[in-house]
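Undergrad: First the structure, then my questions, so here it is.
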Amino acid sequence: MKSVTILGSKRESVGKKATKALRNAGLVPCVIYGGDETIHFSSEEKAFKKLVYTPDAHTVVIDLGEDGKFNAIAQDMQWHPVRELLLHADFYQIFDDKMVTMEVPVVLEGSSKGILNGGILRRNNRKLKVKALPANLPDFINIDITEMKIGNKKYVRDLRVDQYEIMHPDSVVVCMIKTSRTAVADTDGEDVEAGEVPSGQAENEA
């Protein structure tokens with residue numbers, strides 16, 4: 001999985017007054033937990049752009065200079081209720097030999113037969129929660145929808161691999177091709193000309 005580096009400075013004062021002073025200075029108060037000790041630090045708001053304003057999933061390297069570097073994942077972001085302003089960020093420290101759980105995006109590729117025939121793509125889950133060692137965390141979960149016809153669905157059970165565990169039941173639908181008023185019947189052979197009956201259909205209607 002790709003990683004984003006955030007530069008910051010460790011902070012000793014963690015009260016409301018100190019937190020307000022940080023925000024007034026354009027800094028974001030942050031905390032790292034999950035390790036031997038909870039670490040409080042601050043960072044410039046612009047340092048979070050590559051982490052926040054992207055659909056991709058990333059791990060984070062928090063660089064506190066002389067106070068060390070910490071591998072982590074973003075756990076919680078608190079935003080101002082009106083302004084687009086990051087108020088606080090929580091990070092969870094990760095270790096090479098310990099499993100970690102996080103959400104990763106679902107990426108669809110290919111031109112679905114069902115969509116070409118007028119069907120509608122419905123994305124039930126744009127992200128899925130996975131559990132793995134940090135080295136095995138995927139950047140995304142890829143689904144090839146090329147062979148999907150109208151009425152077809154992709155379930156979590158179709159996406160299972162050995163490298164990571166998807167933390168959802170097998171029966172969860174990730175995406176599907178729904179029918180529509182303009183949809184035409186899917187065919188496996190050559191395209192059917194207007195007014196022509198697909199092979200086998202006449203027998204079924206007889």
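Labels for the structure tokens follow display order: chains A, B, ..., residues from 1 in each chain, ligands from 1.
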As a list in words, please: all residues of region 81-133 of chain A that backbone DSSP puts in strand (DSSP E or B).
TA: Leu86, Leu87, His88, Ala89, Asp90, Phe91, Tyr92, Gln93, Val100, Thr101, Met102, Glu103, Val104, Pro105, Val106, Val107, Leu108, Glu109, Ile120, Leu121, Arg122, Arg123, Lys127, Leu128, Lys129, Val130, Lys131 and Ala132 of chain A
Undergrad: Any chance you could export the current selection's N, CA, C and O atoms as a short mmCIF file (atom, residue, chain, number, x, y, z; two decimals), in the first residue's frame?
TA:
data_model
loop_
_atom_site.label_atom_id
_atom_site.label_comp_id
_atom_site.auth_asym_id
_atom_site.auth_seq_id
_atom_site.Cartn_x
_atom_site.Cartn_y
_atom_site.Cartn_z
N LEU A 86 -9.90 21.16 9.28
CA LEU A 86 -9.59 19.98 10.07
C LEU A 86 -9.25 20.39 11.50
O LEU A 86 -8.32 21.17 11.72
N LEU A 87 -9.99 19.87 12.46
CA LEU A 87 -9.82 20.27 13.86
C LEU A 87 -8.92 19.33 14.64
O LEU A 87 -8.21 19.76 15.56
N HIS A 88 -8.96 18.04 14.30
CA HIS A 88 -8.19 17.06 15.08
C HIS A 88 -8.04 15.79 14.27
O HIS A 88 -8.92 15.44 13.48
N ALA A 89 -6.94 15.09 14.46
CA ALA A 89 -6.70 13.84 13.74
C ALA A 89 -6.16 12.79 14.69
O ALA A 89 -5.24 13.05 15.47
N ASP A 90 -6.75 11.61 14.63
CA ASP A 90 -6.29 10.46 15.42
C ASP A 90 -5.63 9.44 14.49
O ASP A 90 -6.16 9.14 13.41
N PHE A 91 -4.51 8.90 14.92
CA PHE A 91 -3.81 7.88 14.16
C PHE A 91 -3.59 6.65 15.02
O PHE A 91 -3.41 6.75 16.24
N TYR A 92 -3.60 5.49 14.36
CA TYR A 92 -3.35 4.23 15.06
C TYR A 92 -2.02 3.66 14.59
O TYR A 92 -1.83 3.44 13.40
N GLN A 93 -1.10 3.46 15.52
CA GLN A 93 0.23 2.98 15.16
C GLN A 93 0.18 1.53 14.71
O GLN A 93 -0.52 0.70 15.30
N VAL A 100 -3.73 -5.40 10.97
CA VAL A 100 -4.38 -4.11 11.08
C VAL A 100 -5.63 -4.12 10.20
O VAL A 100 -5.68 -4.80 9.18
N THR A 101 -6.64 -3.38 10.60
CA THR A 101 -7.90 -3.32 9.86
C THR A 101 -8.12 -1.91 9.34
O THR A 101 -7.97 -0.94 10.09
N MET A 102 -8.46 -1.80 8.06
CA MET A 102 -8.75 -0.49 7.49
C MET A 102 -9.64 -0.63 6.26
O MET A 102 -9.77 -1.73 5.71
N GLU A 103 -10.25 0.46 5.82
CA GLU A 103 -11.09 0.45 4.64
C GLU A 103 -10.25 0.77 3.41
O GLU A 103 -9.39 1.64 3.44
N VAL A 104 -10.52 0.04 2.32
CA VAL A 104 -9.84 0.30 1.05
C VAL A 104 -10.90 0.46 -0.03
O VAL A 104 -11.99 -0.12 0.05
N PRO A 105 -10.64 1.25 -1.06
CA PRO A 105 -11.63 1.48 -2.11
C PRO A 105 -11.80 0.27 -3.03
O PRO A 105 -10.89 -0.54 -3.19
N VAL A 106 -12.98 0.17 -3.61
CA VAL A 106 -13.27 -0.83 -4.63
C VAL A 106 -13.17 -0.16 -5.99
O VAL A 106 -13.79 0.87 -6.23
N VAL A 107 -12.36 -0.73 -6.88
CA VAL A 107 -12.15 -0.17 -8.22
C VAL A 107 -12.74 -1.14 -9.25
O VAL A 107 -12.42 -2.33 -9.25
N LEU A 108 -13.61 -0.61 -10.11
CA LEU A 108 -14.22 -1.42 -11.16
C LEU A 108 -13.52 -1.14 -12.48
O LEU A 108 -13.22 0.01 -12.81
N GLU A 109 -13.29 -2.19 -13.25
CA GLU A 109 -12.66 -2.02 -14.57
C GLU A 109 -13.39 -2.86 -15.60
O GLU A 109 -14.02 -3.87 -15.28
N ILE A 120 -28.05 -0.81 -15.75
CA ILE A 120 -27.54 0.25 -14.88
C ILE A 120 -26.62 -0.36 -13.82
O ILE A 120 -26.99 -1.31 -13.14
N LEU A 121 -25.44 0.20 -13.71
CA LEU A 121 -24.48 -0.25 -12.70
C LEU A 121 -24.85 0.34 -11.35
O LEU A 121 -25.01 1.55 -11.21
N ARG A 122 -24.97 -0.52 -10.36
CA ARG A 122 -25.22 -0.06 -8.99
C ARG A 122 -24.05 -0.49 -8.12
O ARG A 122 -23.73 -1.67 -8.05
N ARG A 123 -23.43 0.49 -7.46
CA ARG A 123 -22.30 0.21 -6.57
C ARG A 123 -22.80 0.23 -5.13
O ARG A 123 -23.02 1.28 -4.55
N LYS A 127 -16.28 1.05 -0.68
CA LYS A 127 -15.12 0.68 0.13
C LYS A 127 -15.44 -0.58 0.90
O LYS A 127 -16.59 -0.85 1.22
N LEU A 128 -14.40 -1.36 1.18
CA LEU A 128 -14.55 -2.57 1.98
C LEU A 128 -13.50 -2.58 3.08
O LEU A 128 -12.37 -2.12 2.88
N LYS A 129 -13.88 -3.09 4.22
CA LYS A 129 -12.96 -3.18 5.35
C LYS A 129 -12.17 -4.48 5.24
O LYS A 129 -12.74 -5.56 5.09
N VAL A 130 -10.84 -4.35 5.29
CA VAL A 130 -9.98 -5.53 5.19
C VAL A 130 -9.05 -5.61 6.39
O VAL A 130 -8.77 -4.60 7.06
N LYS A 131 -8.56 -6.82 6.65
CA LYS A 131 -7.63 -7.06 7.75
C LYS A 131 -6.43 -7.81 7.22
O LYS A 131 -6.58 -8.83 6.53
N ALA A 132 -5.23 -7.29 7.53
CA ALA A 132 -4.01 -7.92 7.00
C ALA A 132 -2.79 -7.38 7.74
O ALA A 132 -2.88 -6.40 8.49
#
Undergrad: Find the residues around Leu85 (chain A) up to 12 Å (only C-alpha atoms counted), leave out those fewer than 3 positions away in its own chain, and share them as JSON, numbers by chain.
TA: {"A": [23, 24, 26, 27, 28, 44, 45, 46, 48, 49, 52, 77, 78, 79, 80, 81, 82, 88, 89]}
Undergrad: Could the residues in this selection be saved with N, CA, C and O atoms as a short mmCIF file (atom, residue, chain, number, x, y, z; two decimals), in the first residue's frame?
TA:
data_model
loop_
_atom_site.label_atom_id
_atom_site.label_comp_id
_atom_site.auth_asym_id
_atom_site.auth_seq_id
_atom_site.Cartn_x
_atom_site.Cartn_y
_atom_site.Cartn_z
N ARG A 23 -4.53 25.67 16.86
CA ARG A 23 -5.46 25.91 15.75
C ARG A 23 -5.37 27.34 15.25
O ARG A 23 -5.47 27.59 14.04
N ASN A 24 -5.19 28.28 16.17
CA ASN A 24 -5.05 29.68 15.76
C ASN A 24 -3.79 29.89 14.93
O ASN A 24 -3.71 30.83 14.13
N GLY A 26 -2.75 27.77 12.77
CA GLY A 26 -2.88 26.99 11.53
C GLY A 26 -2.37 25.58 11.65
O GLY A 26 -2.10 24.93 10.63
N LEU A 27 -2.25 25.08 12.87
CA LEU A 27 -1.77 23.72 13.11
C LEU A 27 -2.92 22.82 13.54
O LEU A 27 -3.91 23.28 14.12
N VAL A 28 -2.77 21.53 13.25
CA VAL A 28 -3.79 20.55 13.62
C VAL A 28 -3.27 19.71 14.79
O VAL A 28 -2.22 19.07 14.68
N GLU A 44 1.04 20.94 10.27
CA GLU A 44 0.36 21.94 9.45
C GLU A 44 -0.81 21.29 8.72
O GLU A 44 -0.72 20.14 8.28
N GLU A 45 -1.88 22.03 8.56
CA GLU A 45 -3.09 21.47 7.93
C GLU A 45 -2.81 21.02 6.49
O GLU A 45 -3.36 20.01 6.03
N LYS A 46 -1.95 21.73 5.77
CA LYS A 46 -1.66 21.38 4.38
C LYS A 46 -0.99 20.01 4.26
O LYS A 46 -1.01 19.40 3.19
N PHE A 48 -2.02 17.34 5.36
CA PHE A 48 -3.03 16.29 5.28
C PHE A 48 -3.70 16.20 3.92
O PHE A 48 -4.54 15.32 3.71
N LYS A 49 -3.36 17.09 2.99
CA LYS A 49 -4.06 17.14 1.71
C LYS A 49 -3.97 15.82 0.95
O LYS A 49 -4.95 15.33 0.39
N VAL A 52 -6.26 13.27 2.82
CA VAL A 52 -7.69 13.52 2.93
C VAL A 52 -8.37 13.66 1.58
O VAL A 52 -9.41 13.05 1.32
N MET A 77 -10.96 11.64 11.82
CA MET A 77 -10.73 13.04 11.48
C MET A 77 -11.93 13.86 11.95
O MET A 77 -13.08 13.53 11.60
N GLN A 78 -11.67 14.89 12.72
CA GLN A 78 -12.75 15.76 13.19
C GLN A 78 -12.70 17.08 12.42
O GLN A 78 -11.65 17.74 12.38
N TRP A 79 -13.85 17.46 11.84
CA TRP A 79 -13.92 18.65 11.00
C TRP A 79 -14.81 19.71 11.62
O TRP A 79 -15.73 19.40 12.38
N HIS A 80 -14.53 20.94 11.27
CA HIS A 80 -15.38 22.05 11.69
C HIS A 80 -16.76 21.86 11.09
O HIS A 80 -16.88 21.48 9.91
N PRO A 81 -17.85 22.08 11.84
CA PRO A 81 -19.20 21.82 11.34
C PRO A 81 -19.62 22.70 10.17
O PRO A 81 -20.53 22.34 9.42
N VAL A 82 -18.98 23.85 9.98
CA VAL A 82 -19.36 24.76 8.91
C VAL A 82 -18.21 24.97 7.91
O VAL A 82 -18.39 24.82 6.70
N HIS A 88 -8.96 18.04 14.30
CA HIS A 88 -8.19 17.06 15.08
C HIS A 88 -8.04 15.79 14.27
O HIS A 88 -8.92 15.44 13.48
N ALA A 89 -6.94 15.09 14.46
CA ALA A 89 -6.70 13.84 13.74
C ALA A 89 -6.16 12.79 14.69
O ALA A 89 -5.24 13.05 15.47
#
Undergrad: Per DSSP on the backbone, filter region 2-204 of chain A down to the residues in alpha helix (DSSP H) and report them as a PDB file with C-alpha atoms, in the first residue's frame.
TA:
ATOM      1  CA  LYS A  16      -7.935  23.170  25.702  1.00  0.00           C
ATOM      2  CA  LYS A  17      -5.904  26.366  25.863  1.00  0.00           C
ATOM      3  CA  ALA A  18      -2.910  24.773  24.134  1.00  0.00           C
ATOM      4  CA  THR A  19      -5.142  23.147  21.531  1.00  0.00           C
ATOM      5  CA  LYS A  20      -6.824  26.461  20.726  1.00  0.00           C
ATOM      6  CA  ALA A  21      -3.433  28.150  20.346  1.00  0.00           C
ATOM      7  CA  LEU A  22      -2.346  25.463  17.874  1.00  0.00           C
ATOM      8  CA  ARG A  23      -5.461  25.909  15.754  1.00  0.00           C
ATOM      9  CA  ASN A  24      -5.047  29.676  15.765  1.00  0.00           C
ATOM     10  CA  LYS A  49      -4.059  17.136   1.709  1.00  0.00           C
ATOM     11  CA  LYS A  50      -2.604  13.989   0.135  1.00  0.00           C
ATOM     12  CA  LEU A  51      -4.253  11.900   2.833  1.00  0.00           C
ATOM     13  CA  VAL A  52      -7.692  13.521   2.928  1.00  0.00           C
ATOM     14  CA  LYS A 113     -22.013  -6.410 -21.337  1.00  0.00           C
ATOM     15  CA  GLY A 114     -25.033  -5.588 -19.242  1.00  0.00           C
ATOM     16  CA  ILE A 115     -24.316  -1.859 -19.271  1.00  0.00           C
ATOM     17  CA  LEU A 116     -23.718  -1.899 -23.042  1.00  0.00           C
ATOM     18  CA  GLN A 201     -36.345 -17.299 -27.877  1.00  0.00           C
ATOM     19  CA  ALA A 202     -39.052 -18.259 -30.376  1.00  0.00           C
ATOM     20  CA  GLU A 203     -39.213 -21.777 -28.957  1.00  0.00           C
ATOM     21  CA  ASN A 204     -39.646 -20.449 -25.432  1.00  0.00           C
TER      22      ASN A 204
END
Undergrad: Would you mind telling me which residue in A:Gly110, A:Gly68, A:Gly119, A:Gly8 lies nearest to Asn142 (chain A) when using only C-alpha atoms?
TA: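 Among A:Gly110, A:Gly68, A:Gly119, A:Gly8, it is A:Gly110 that comes nearest to Asn142 (chain A).
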